[in-house]
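Visitor: As input, take data_14.txt (compact mmCIF, N, CA and C atoms):
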```txt
# COMPACT_ATOMS: atom_id res chain seq x y z
N MET X 13 12.35 -2.07 7.20
CA MET X 13 11.39 -2.73 8.06
C MET X 13 11.82 -4.19 8.24
N THR X 14 11.73 -4.69 9.43
CA THR X 14 12.13 -6.05 9.75
C THR X 14 11.00 -7.02 9.47
N LEU X 15 11.34 -8.16 8.85
CA LEU X 15 10.34 -9.18 8.56
C LEU X 15 10.07 -10.05 9.78
N LEU X 16 8.86 -10.53 9.90
CA LEU X 16 8.50 -11.50 10.92
C LEU X 16 8.98 -12.88 10.46
N PRO X 17 9.11 -13.85 11.36
CA PRO X 17 9.62 -15.16 10.98
C PRO X 17 8.86 -15.82 9.82
N ASP X 18 7.52 -15.74 9.82
CA ASP X 18 6.75 -16.33 8.73
C ASP X 18 7.03 -15.63 7.40
N GLN X 19 7.25 -14.32 7.46
CA GLN X 19 7.57 -13.58 6.25
C GLN X 19 8.96 -13.95 5.73
N VAL X 20 9.91 -14.13 6.63
CA VAL X 20 11.25 -14.56 6.23
C VAL X 20 11.17 -15.90 5.52
N HIS X 21 10.40 -16.82 6.08
CA HIS X 21 10.22 -18.13 5.48
C HIS X 21 9.59 -18.01 4.09
N ALA X 22 8.59 -17.15 3.97
CA ALA X 22 7.93 -16.95 2.67
C ALA X 22 8.92 -16.41 1.63
N VAL X 23 9.73 -15.43 2.01
CA VAL X 23 10.73 -14.87 1.09
C VAL X 23 11.70 -15.96 0.66
N GLU X 24 12.20 -16.74 1.61
CA GLU X 24 13.15 -17.81 1.28
C GLU X 24 12.54 -18.82 0.32
N ARG X 25 11.33 -19.27 0.61
CA ARG X 25 10.69 -20.30 -0.23
C ARG X 25 10.33 -19.75 -1.61
N LEU X 26 9.80 -18.54 -1.66
CA LEU X 26 9.44 -17.96 -2.96
C LEU X 26 10.68 -17.73 -3.82
N ALA X 27 11.73 -17.19 -3.23
CA ALA X 27 12.97 -16.95 -3.98
C ALA X 27 13.57 -18.26 -4.47
N TRP X 28 13.58 -19.27 -3.60
CA TRP X 28 14.10 -20.58 -3.99
C TRP X 28 13.31 -21.13 -5.18
N HIS X 29 11.98 -21.05 -5.08
CA HIS X 29 11.12 -21.57 -6.14
C HIS X 29 11.32 -20.81 -7.45
N LEU X 30 11.36 -19.50 -7.38
CA LEU X 30 11.44 -18.68 -8.59
C LEU X 30 12.81 -18.72 -9.26
N ARG X 31 13.82 -19.18 -8.56
CA ARG X 31 15.15 -19.32 -9.18
C ARG X 31 15.21 -20.54 -10.10
N ARG X 32 14.30 -21.46 -9.96
CA ARG X 32 14.30 -22.66 -10.81
C ARG X 32 13.79 -22.28 -12.19
N PRO X 33 14.46 -22.74 -13.24
CA PRO X 33 14.06 -22.38 -14.62
C PRO X 33 12.61 -22.74 -14.93
N GLY X 34 11.92 -21.80 -15.57
CA GLY X 34 10.56 -22.04 -16.05
C GLY X 34 9.49 -22.09 -14.99
N THR X 35 9.78 -21.60 -13.80
CA THR X 35 8.78 -21.66 -12.73
C THR X 35 7.99 -20.36 -12.63
N ARG X 36 6.82 -20.48 -12.03
CA ARG X 36 5.96 -19.35 -11.72
C ARG X 36 5.49 -19.51 -10.29
N ALA X 37 4.95 -18.45 -9.73
CA ALA X 37 4.44 -18.54 -8.37
C ALA X 37 3.23 -17.63 -8.22
N LEU X 38 2.33 -18.02 -7.37
CA LEU X 38 1.20 -17.20 -6.98
C LEU X 38 1.22 -17.17 -5.46
N PHE X 39 1.39 -15.99 -4.90
CA PHE X 39 1.51 -15.80 -3.46
C PHE X 39 0.22 -15.16 -2.97
N VAL X 40 -0.59 -15.90 -2.20
CA VAL X 40 -1.91 -15.44 -1.80
C VAL X 40 -2.13 -15.63 -0.30
N PRO X 41 -1.44 -14.87 0.54
CA PRO X 41 -1.70 -14.95 1.98
C PRO X 41 -2.89 -14.06 2.37
N ALA X 42 -3.30 -14.18 3.60
CA ALA X 42 -4.43 -13.42 4.11
C ALA X 42 -4.14 -11.92 4.14
N ALA X 43 -5.20 -11.14 4.19
CA ALA X 43 -5.08 -9.68 4.27
C ALA X 43 -4.31 -9.29 5.53
N GLY X 44 -3.44 -8.28 5.39
CA GLY X 44 -2.71 -7.75 6.54
C GLY X 44 -1.50 -8.55 6.98
N THR X 45 -1.07 -9.52 6.16
CA THR X 45 0.06 -10.37 6.57
C THR X 45 1.38 -9.91 5.97
N GLY X 46 1.38 -8.81 5.24
CA GLY X 46 2.64 -8.27 4.73
C GLY X 46 3.01 -8.72 3.33
N LYS X 47 2.01 -8.92 2.48
CA LYS X 47 2.28 -9.35 1.09
C LYS X 47 3.19 -8.37 0.36
N THR X 48 2.95 -7.10 0.52
CA THR X 48 3.76 -6.11 -0.19
C THR X 48 5.21 -6.18 0.26
N LEU X 49 5.44 -6.22 1.56
CA LEU X 49 6.80 -6.29 2.07
C LEU X 49 7.49 -7.57 1.63
N VAL X 50 6.78 -8.69 1.66
CA VAL X 50 7.36 -9.95 1.20
C VAL X 50 7.72 -9.85 -0.28
N SER X 51 6.83 -9.26 -1.08
CA SER X 51 7.13 -9.14 -2.52
C SER X 51 8.35 -8.26 -2.77
N ILE X 52 8.49 -7.21 -1.98
CA ILE X 52 9.66 -6.34 -2.12
C ILE X 52 10.93 -7.13 -1.81
N ARG X 53 10.90 -7.89 -0.73
CA ARG X 53 12.08 -8.65 -0.34
C ARG X 53 12.40 -9.78 -1.34
N VAL X 54 11.37 -10.40 -1.92
CA VAL X 54 11.60 -11.42 -2.94
C VAL X 54 12.25 -10.78 -4.17
N ALA X 55 11.75 -9.64 -4.59
CA ALA X 55 12.35 -8.93 -5.73
C ALA X 55 13.80 -8.59 -5.45
N ASN X 56 14.08 -8.15 -4.22
CA ASN X 56 15.47 -7.86 -3.83
C ASN X 56 16.33 -9.11 -3.90
N GLU X 57 15.81 -10.20 -3.34
CA GLU X 57 16.54 -11.46 -3.29
C GLU X 57 16.89 -11.96 -4.70
N LEU X 58 15.98 -11.71 -5.64
CA LEU X 58 16.18 -12.18 -7.02
C LEU X 58 16.91 -11.15 -7.89
N ASP X 59 17.26 -10.00 -7.33
CA ASP X 59 17.86 -8.91 -8.11
C ASP X 59 17.00 -8.59 -9.33
N ALA X 60 15.70 -8.52 -9.13
CA ALA X 60 14.75 -8.31 -10.22
C ALA X 60 14.91 -6.93 -10.84
N ARG X 61 14.95 -6.89 -12.16
CA ARG X 61 15.02 -5.62 -12.89
C ARG X 61 13.64 -5.13 -13.30
N LEU X 62 12.69 -6.05 -13.43
CA LEU X 62 11.34 -5.70 -13.85
C LEU X 62 10.38 -6.52 -13.00
N VAL X 63 9.46 -5.84 -12.31
CA VAL X 63 8.55 -6.51 -11.39
C VAL X 63 7.12 -6.27 -11.86
N LEU X 64 6.34 -7.34 -11.95
CA LEU X 64 4.92 -7.24 -12.28
C LEU X 64 4.15 -7.46 -10.98
N PHE X 65 3.32 -6.50 -10.63
CA PHE X 65 2.59 -6.56 -9.36
C PHE X 65 1.14 -6.19 -9.65
N ALA X 66 0.22 -7.14 -9.53
CA ALA X 66 -1.19 -6.90 -9.82
C ALA X 66 -1.96 -6.68 -8.52
N VAL X 67 -2.78 -5.68 -8.51
CA VAL X 67 -3.59 -5.35 -7.35
C VAL X 67 -5.02 -5.07 -7.81
N PRO X 68 -6.01 -5.22 -6.91
CA PRO X 68 -7.41 -5.11 -7.35
C PRO X 68 -7.98 -3.70 -7.46
N THR X 69 -7.32 -2.68 -6.89
CA THR X 69 -7.90 -1.33 -6.92
C THR X 69 -6.81 -0.28 -7.13
N PRO X 70 -7.17 0.86 -7.69
CA PRO X 70 -6.20 1.96 -7.84
C PRO X 70 -5.63 2.42 -6.51
N ASP X 71 -6.44 2.45 -5.45
CA ASP X 71 -5.93 2.87 -4.14
C ASP X 71 -4.87 1.91 -3.63
N LEU X 72 -5.06 0.62 -3.84
CA LEU X 72 -4.06 -0.35 -3.42
C LEU X 72 -2.80 -0.24 -4.29
N ALA X 73 -2.97 0.11 -5.56
CA ALA X 73 -1.80 0.35 -6.42
C ALA X 73 -0.97 1.51 -5.87
N ALA X 74 -1.65 2.58 -5.47
CA ALA X 74 -0.95 3.73 -4.90
C ALA X 74 -0.27 3.36 -3.58
N GLN X 75 -0.97 2.62 -2.72
CA GLN X 75 -0.40 2.19 -1.45
C GLN X 75 0.84 1.33 -1.69
N THR X 76 0.77 0.43 -2.67
CA THR X 76 1.89 -0.45 -2.99
C THR X 76 3.07 0.35 -3.53
N ALA X 77 2.79 1.30 -4.42
CA ALA X 77 3.86 2.13 -4.97
C ALA X 77 4.57 2.90 -3.87
N LEU X 78 3.80 3.45 -2.95
CA LEU X 78 4.41 4.20 -1.84
C LEU X 78 5.23 3.29 -0.94
N ALA X 79 4.79 2.05 -0.74
CA ALA X 79 5.55 1.10 0.08
C ALA X 79 6.89 0.76 -0.59
N TRP X 80 6.87 0.54 -1.91
CA TRP X 80 8.13 0.26 -2.62
C TRP X 80 9.07 1.46 -2.52
N ARG X 81 8.53 2.65 -2.68
CA ARG X 81 9.35 3.86 -2.56
C ARG X 81 9.93 3.99 -1.15
N ALA X 82 9.10 3.76 -0.13
CA ALA X 82 9.56 3.87 1.26
C ALA X 82 10.66 2.86 1.55
N ASP X 83 10.69 1.77 0.79
CA ASP X 83 11.72 0.76 1.00
C ASP X 83 12.97 1.04 0.16
N GLY X 84 13.00 2.18 -0.51
CA GLY X 84 14.21 2.59 -1.22
C GLY X 84 14.27 2.25 -2.69
N HIS X 85 13.18 1.79 -3.27
CA HIS X 85 13.15 1.48 -4.71
C HIS X 85 12.77 2.76 -5.47
N ASN X 86 13.74 3.34 -6.14
CA ASN X 86 13.54 4.66 -6.75
C ASN X 86 13.54 4.66 -8.27
N GLY X 87 13.47 3.48 -8.89
CA GLY X 87 13.46 3.39 -10.35
C GLY X 87 12.12 3.84 -10.92
N HIS X 88 11.98 3.73 -12.25
CA HIS X 88 10.72 4.10 -12.91
C HIS X 88 9.57 3.29 -12.33
N MET X 89 8.44 3.96 -12.12
CA MET X 89 7.26 3.27 -11.62
C MET X 89 6.03 3.85 -12.29
N VAL X 90 5.22 2.97 -12.88
CA VAL X 90 4.03 3.40 -13.61
C VAL X 90 2.84 2.60 -13.12
N ILE X 91 1.78 3.28 -12.74
CA ILE X 91 0.53 2.62 -12.38
C ILE X 91 -0.34 2.61 -13.63
N VAL X 92 -0.76 1.42 -14.05
CA VAL X 92 -1.63 1.27 -15.21
C VAL X 92 -3.06 1.27 -14.70
N SER X 93 -3.71 2.41 -14.82
CA SER X 93 -5.03 2.58 -14.21
C SER X 93 -5.59 3.94 -14.61
N PHE X 94 -6.87 4.11 -14.36
CA PHE X 94 -7.47 5.43 -14.56
C PHE X 94 -7.09 6.39 -13.45
N LEU X 95 -6.41 5.90 -12.41
CA LEU X 95 -5.93 6.75 -11.32
C LEU X 95 -4.98 7.80 -11.89
N ASP X 96 -5.27 9.07 -11.66
CA ASP X 96 -4.40 10.15 -12.13
C ASP X 96 -3.43 10.51 -11.02
N THR X 97 -2.19 10.06 -11.16
CA THR X 97 -1.20 10.31 -10.11
C THR X 97 -0.87 11.79 -9.98
N ASN X 98 -1.14 12.58 -11.00
CA ASN X 98 -0.82 14.02 -10.94
C ASN X 98 -1.65 14.77 -9.91
N VAL X 99 -2.77 14.21 -9.48
CA VAL X 99 -3.60 14.88 -8.48
C VAL X 99 -3.33 14.35 -7.07
N ARG X 100 -2.40 13.42 -6.95
CA ARG X 100 -2.03 12.87 -5.64
C ARG X 100 -0.64 13.36 -5.29
N GLU X 101 -0.57 14.32 -4.37
CA GLU X 101 0.72 14.91 -4.00
C GLU X 101 1.71 13.87 -3.50
N ASP X 102 1.22 12.85 -2.79
CA ASP X 102 2.12 11.82 -2.28
C ASP X 102 2.80 11.05 -3.41
N LEU X 103 2.07 10.78 -4.50
CA LEU X 103 2.64 10.05 -5.63
C LEU X 103 3.53 10.94 -6.49
N VAL X 104 3.13 12.20 -6.65
CA VAL X 104 3.96 13.16 -7.40
C VAL X 104 5.30 13.33 -6.70
N ALA X 105 5.27 13.42 -5.39
CA ALA X 105 6.48 13.66 -4.61
C ALA X 105 7.51 12.54 -4.78
N VAL X 106 7.04 11.31 -5.04
CA VAL X 106 7.97 10.18 -5.17
C VAL X 106 8.08 9.69 -6.62
N ARG X 107 7.66 10.54 -7.57
CA ARG X 107 7.82 10.28 -9.01
C ARG X 107 7.15 8.99 -9.48
N VAL X 108 5.88 8.82 -9.14
CA VAL X 108 5.10 7.70 -9.65
C VAL X 108 4.16 8.24 -10.71
N MET X 109 4.22 7.62 -11.90
CA MET X 109 3.40 8.06 -13.03
C MET X 109 2.21 7.12 -13.21
N SER X 110 1.27 7.52 -14.07
CA SER X 110 0.15 6.63 -14.40
C SER X 110 -0.21 6.80 -15.86
N THR X 111 -0.83 5.75 -16.41
CA THR X 111 -1.29 5.79 -17.79
C THR X 111 -2.37 4.74 -17.99
N THR X 112 -3.20 4.94 -19.01
CA THR X 112 -4.12 3.89 -19.46
C THR X 112 -3.77 3.49 -20.88
N SER X 113 -2.74 4.08 -21.44
CA SER X 113 -2.35 3.83 -22.83
C SER X 113 -1.31 2.72 -22.93
N PRO X 114 -1.61 1.64 -23.68
CA PRO X 114 -0.61 0.60 -23.86
C PRO X 114 0.63 1.11 -24.59
N HIS X 115 0.44 2.09 -25.49
CA HIS X 115 1.59 2.66 -26.21
C HIS X 115 2.50 3.45 -25.27
N ALA X 116 1.87 4.24 -24.39
CA ALA X 116 2.67 5.00 -23.42
C ALA X 116 3.39 4.06 -22.47
N LEU X 117 2.70 3.00 -22.02
CA LEU X 117 3.32 2.04 -21.13
C LEU X 117 4.51 1.37 -21.82
N GLY X 118 4.33 0.97 -23.07
CA GLY X 118 5.43 0.36 -23.82
C GLY X 118 6.62 1.29 -23.92
N GLY X 119 6.37 2.57 -24.18
CA GLY X 119 7.46 3.54 -24.26
C GLY X 119 8.16 3.72 -22.93
N LEU X 120 7.37 3.82 -21.87
CA LEU X 120 7.96 3.99 -20.54
C LEU X 120 8.77 2.77 -20.13
N MET X 121 8.28 1.57 -20.42
CA MET X 121 8.97 0.36 -20.01
C MET X 121 10.14 0.04 -20.92
N SER X 122 10.22 0.66 -22.08
CA SER X 122 11.35 0.40 -22.98
C SER X 122 12.65 0.98 -22.45
N VAL X 123 12.56 1.81 -21.42
CA VAL X 123 13.76 2.40 -20.85
C VAL X 123 14.37 1.54 -19.75
N VAL X 124 13.90 0.30 -19.61
CA VAL X 124 14.41 -0.58 -18.56
C VAL X 124 15.92 -0.66 -18.65
N GLY X 125 16.47 -0.91 -19.85
CA GLY X 125 17.91 -0.89 -20.06
C GLY X 125 18.71 -1.55 -18.96
N ASP X 126 19.75 -0.86 -18.48
CA ASP X 126 20.65 -1.42 -17.47
C ASP X 126 20.24 -1.08 -16.05
N GLU X 127 19.23 -0.26 -15.89
CA GLU X 127 18.82 0.13 -14.54
C GLU X 127 18.02 -0.98 -13.87
N ALA X 128 18.04 -1.01 -12.56
CA ALA X 128 17.23 -1.97 -11.81
C ALA X 128 15.94 -1.30 -11.36
N ASP X 129 15.09 -2.07 -10.75
CA ASP X 129 13.87 -1.57 -10.10
C ASP X 129 12.92 -0.84 -11.03
N GLN X 130 12.67 -1.35 -12.21
CA GLN X 130 11.68 -0.77 -13.10
C GLN X 130 10.35 -1.43 -12.80
N MET X 131 9.31 -0.64 -12.50
CA MET X 131 8.03 -1.22 -12.14
C MET X 131 6.89 -0.52 -12.84
N ALA X 132 5.91 -1.30 -13.25
CA ALA X 132 4.62 -0.76 -13.71
C ALA X 132 3.56 -1.44 -12.88
N MET X 133 2.67 -0.67 -12.30
CA MET X 133 1.67 -1.25 -11.42
C MET X 133 0.31 -1.09 -12.05
N GLY X 134 -0.50 -2.13 -12.00
CA GLY X 134 -1.83 -2.02 -12.60
C GLY X 134 -2.91 -2.40 -11.63
N ALA X 135 -3.99 -1.72 -11.71
CA ALA X 135 -5.12 -2.04 -10.85
C ALA X 135 -6.18 -2.76 -11.67
N CYS X 136 -6.64 -3.90 -11.16
CA CYS X 136 -7.75 -4.60 -11.81
C CYS X 136 -9.01 -3.77 -11.57
N LEU X 137 -9.71 -3.50 -12.60
CA LEU X 137 -10.93 -2.72 -12.47
C LEU X 137 -12.12 -3.66 -12.36
N ARG X 138 -13.22 -3.17 -11.82
CA ARG X 138 -14.39 -3.99 -11.61
C ARG X 138 -14.90 -4.65 -12.88
N ALA X 139 -14.75 -3.99 -13.99
CA ALA X 139 -15.26 -4.51 -15.25
C ALA X 139 -14.41 -5.66 -15.79
N GLY X 140 -13.46 -6.12 -15.01
CA GLY X 140 -12.67 -7.27 -15.42
C GLY X 140 -11.51 -6.90 -16.32
N SER X 141 -11.10 -5.67 -16.35
CA SER X 141 -9.98 -5.29 -17.20
C SER X 141 -8.69 -5.82 -16.63
N TRP X 142 -7.65 -5.79 -17.43
CA TRP X 142 -6.36 -6.37 -17.07
C TRP X 142 -5.62 -5.56 -16.03
N ALA X 143 -4.63 -6.18 -15.45
CA ALA X 143 -3.83 -5.52 -14.44
C ALA X 143 -2.37 -5.89 -14.62
N VAL X 144 -1.50 -4.91 -14.62
CA VAL X 144 -0.07 -5.18 -14.63
C VAL X 144 0.67 -4.28 -13.71
N LEU X 145 1.69 -4.82 -13.18
CA LEU X 145 2.63 -4.08 -12.36
C LEU X 145 3.97 -4.61 -12.77
N ALA X 146 4.82 -3.81 -13.26
CA ALA X 146 6.11 -4.40 -13.66
C ALA X 146 7.25 -3.62 -13.10
```
How does the structure come out when it is put into structure tokens?

Guide:
Amino acid sequence: MTLLPDQVHAVERLAWHLRRPGTRALFVPAAGTGKTLVSIRVANELDARLVLFAVPTPDLAAQTALAWRADGHNGHMVIVSFLDTNVREDLVAVRVMSTTSPHALGGLMSVVGDEADQMAMGACLRAGSWAVLA
């Protein structure tokens, strides 16, 4: 998918910023402006091996996982949520797993090794629980 000029600028600026030692970034554009696509391109630009992506709902976690898959990222992907990916044919078809267990997540993420594109995705739940996407 081709980026719009504002998205290209965002990718360039975010990648430039995140390459500086000890930096962090929070990217908060308006709804519908292509945050997921920009995040994918920033991860590509940085040759990221492990990506943390926080989203507010399980449905958005699934949508994000499918977008990363559609963009060719085929490494391990885990949604940290009560969302059961086994009942979603679209997620099963592209090998996206889910868990609520920190021990299972630790085991799954320990296989990062030399492969690229390892991700765990977490949905923030209404009760204020944590969210991770890696």

Visitor: Tell me, in Å to one decimal, how far atom CA of Phe94 of chain X is from atom CA of Val106 of chain X.

Guide: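 Spanning atom CA of Phe94 of chain X to atom CA of Val106 of chain X is a straight-line distance of 18.7 Å.
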
Visitor: What gap, in Å, lies between atom C of Ala73 of chain X and atom N of Gly34 of chain X?

Guide: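 Separation between atom C of Ala73 of chain X and atom N of Gly34 of chain X: 28.3 Å.
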
Visitor: Have a look at X:Thr112, X:Gln19, X:Val104, X:Phe65 and name the one nearest to Leu38 of chain X; count only C-alpha atoms.

Guide: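 Of all the options, X:Phe65 lies closest to Leu38 of chain X.
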
Visitor: Enumerate the residues of chain X with a DSSP assignment of strand (DSSP E), computed from the backbone, and present them as an MDAnalysis selection string.

Guide: chainID X and resid 62:67 89:92 109:111 130:135

Visitor: Can you tell me how far atom CA of Leu72 of chain X sits from atom C of Ala27 of chain X, in Å to one decimal?

Guide: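 Taking atom CA of Leu72 of chain X and atom C of Ala27 of chain X, their separation equals 25.2 Å.
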
Visitor: Can you work out which one of X:Gly46, X:Ala66, X:Glu57, X:Leu16 has the shortest atom-to-atom distance to Trp28 of chain X, counting only C-alpha atoms?

Guide: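 Nearest candidate to Trp28 of chain X out of X:Gly46, X:Ala66, X:Glu57, X:Leu16: X:Glu57.
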
Visitor: Kindly provide, as JSON, the centre and edge lengths (Å, one decimal) of an axis-aligned box around all atoms of segment 110-123 of chain X given in the file, with 4 Å on each side.

Guide:
```
{"center_x": 5.1, "center_y": 3.8, "center_z": -20.1, "size_x": 26.5, "size_y": 15.5, "size_z": 20.1}
```

Visitor: Select, from X:Gly87, X:Thr111, X:Ala43, X:Leu58, the residue with the minimum atom-to-atom distance to Arg31 of chain X, counting all atoms listed in the file.

Guide: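 Closest candidate: X:Leu58.
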
Visitor: If you run DSSP on the backbone here, which positions in segment 52-109 of chain X get helix (DSSP H, G or I)? Please write them as a list in words.

Guide: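 Selection result, helix (DSSP H, G or I) within segment 52-109 of chain X: Ile52, Arg53, Val54, Ala55, Asn56, Glu57, Pro70, Asp71, Leu72, Ala73, Ala74, Gln75, Thr76, Ala77, Leu78, Ala79, Trp80, Arg81, Ala82, Thr97, Asn98, Val99, Glu101, Asp102, Leu103, Val104 and Ala105 of chain X.
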
Visitor: Skipping near chain neighbours, those fewer than 6 positions away, what residues fall within 6.5 Å of Thr97 of chain X using only N, CA and C atoms, listed as a ChimeraX atom specification?

Guide: /X:103-104,108-110

Visitor: Using all atoms listed in the file for the distances, tell me which of X:Arg107, X:Leu117, X:Ala60, X:Arg36 is nearest to His88 of chain X.

Guide: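 Between X:Arg107, X:Leu117, X:Ala60, X:Arg36, the residue approaching His88 of chain X most closely is X:Arg107.
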
Visitor: Using the atoms already present, construct N, CA, C and O atoms for segment 43-57 of chain X and hand them back as a short mmCIF file (atom, residue, chain, number, x, y, z; two decimals), in the frame of the given file.

Guide:
```
data_model
loop_
_atom_site.label_atom_id
_atom_site.label_comp_id
_atom_site.auth_asym_id
_atom_site.auth_seq_id
_atom_site.Cartn_x
_atom_site.Cartn_y
_atom_site.Cartn_z
N ALA X 43 -5.20 -11.14 4.19
CA ALA X 43 -5.08 -9.68 4.27
C ALA X 43 -4.31 -9.29 5.53
O ALA X 43 -4.47 -9.89 6.59
N GLY X 44 -3.44 -8.28 5.39
CA GLY X 44 -2.71 -7.75 6.54
C GLY X 44 -1.50 -8.55 6.98
O GLY X 44 -0.96 -8.31 8.05
N THR X 45 -1.07 -9.52 6.16
CA THR X 45 0.06 -10.37 6.57
C THR X 45 1.38 -9.91 5.97
O THR X 45 2.40 -10.57 6.19
N GLY X 46 1.38 -8.81 5.24
CA GLY X 46 2.64 -8.27 4.73
C GLY X 46 3.01 -8.72 3.33
O GLY X 46 4.19 -8.86 3.02
N LYS X 47 2.01 -8.92 2.48
CA LYS X 47 2.28 -9.35 1.09
C LYS X 47 3.19 -8.37 0.36
O LYS X 47 4.12 -8.80 -0.34
N THR X 48 2.95 -7.10 0.52
CA THR X 48 3.76 -6.11 -0.19
C THR X 48 5.21 -6.18 0.26
O THR X 48 6.12 -6.22 -0.57
N LEU X 49 5.44 -6.22 1.56
CA LEU X 49 6.80 -6.29 2.07
C LEU X 49 7.49 -7.57 1.63
O LEU X 49 8.66 -7.55 1.23
N VAL X 50 6.78 -8.69 1.66
CA VAL X 50 7.36 -9.95 1.20
C VAL X 50 7.72 -9.85 -0.28
O VAL X 50 8.80 -10.27 -0.70
N SER X 51 6.83 -9.26 -1.08
CA SER X 51 7.13 -9.14 -2.52
C SER X 51 8.35 -8.26 -2.77
O SER X 51 9.16 -8.55 -3.66
N ILE X 52 8.49 -7.21 -1.98
CA ILE X 52 9.66 -6.34 -2.12
C ILE X 52 10.93 -7.13 -1.81
O ILE X 52 11.92 -7.07 -2.55
N ARG X 53 10.90 -7.89 -0.73
CA ARG X 53 12.08 -8.65 -0.34
C ARG X 53 12.40 -9.78 -1.34
O ARG X 53 13.56 -10.08 -1.59
N VAL X 54 11.37 -10.40 -1.92
CA VAL X 54 11.60 -11.42 -2.94
C VAL X 54 12.25 -10.78 -4.17
O VAL X 54 13.21 -11.32 -4.72
N ALA X 55 11.75 -9.64 -4.59
CA ALA X 55 12.35 -8.93 -5.73
C ALA X 55 13.80 -8.59 -5.45
O ALA X 55 14.67 -8.73 -6.31
N ASN X 56 14.08 -8.15 -4.22
CA ASN X 56 15.47 -7.86 -3.83
C ASN X 56 16.33 -9.11 -3.90
O ASN X 56 17.44 -9.10 -4.41
N GLU X 57 15.81 -10.20 -3.34
CA GLU X 57 16.54 -11.46 -3.29
C GLU X 57 16.89 -11.96 -4.70
O GLU X 57 17.94 -12.56 -4.92
#
```
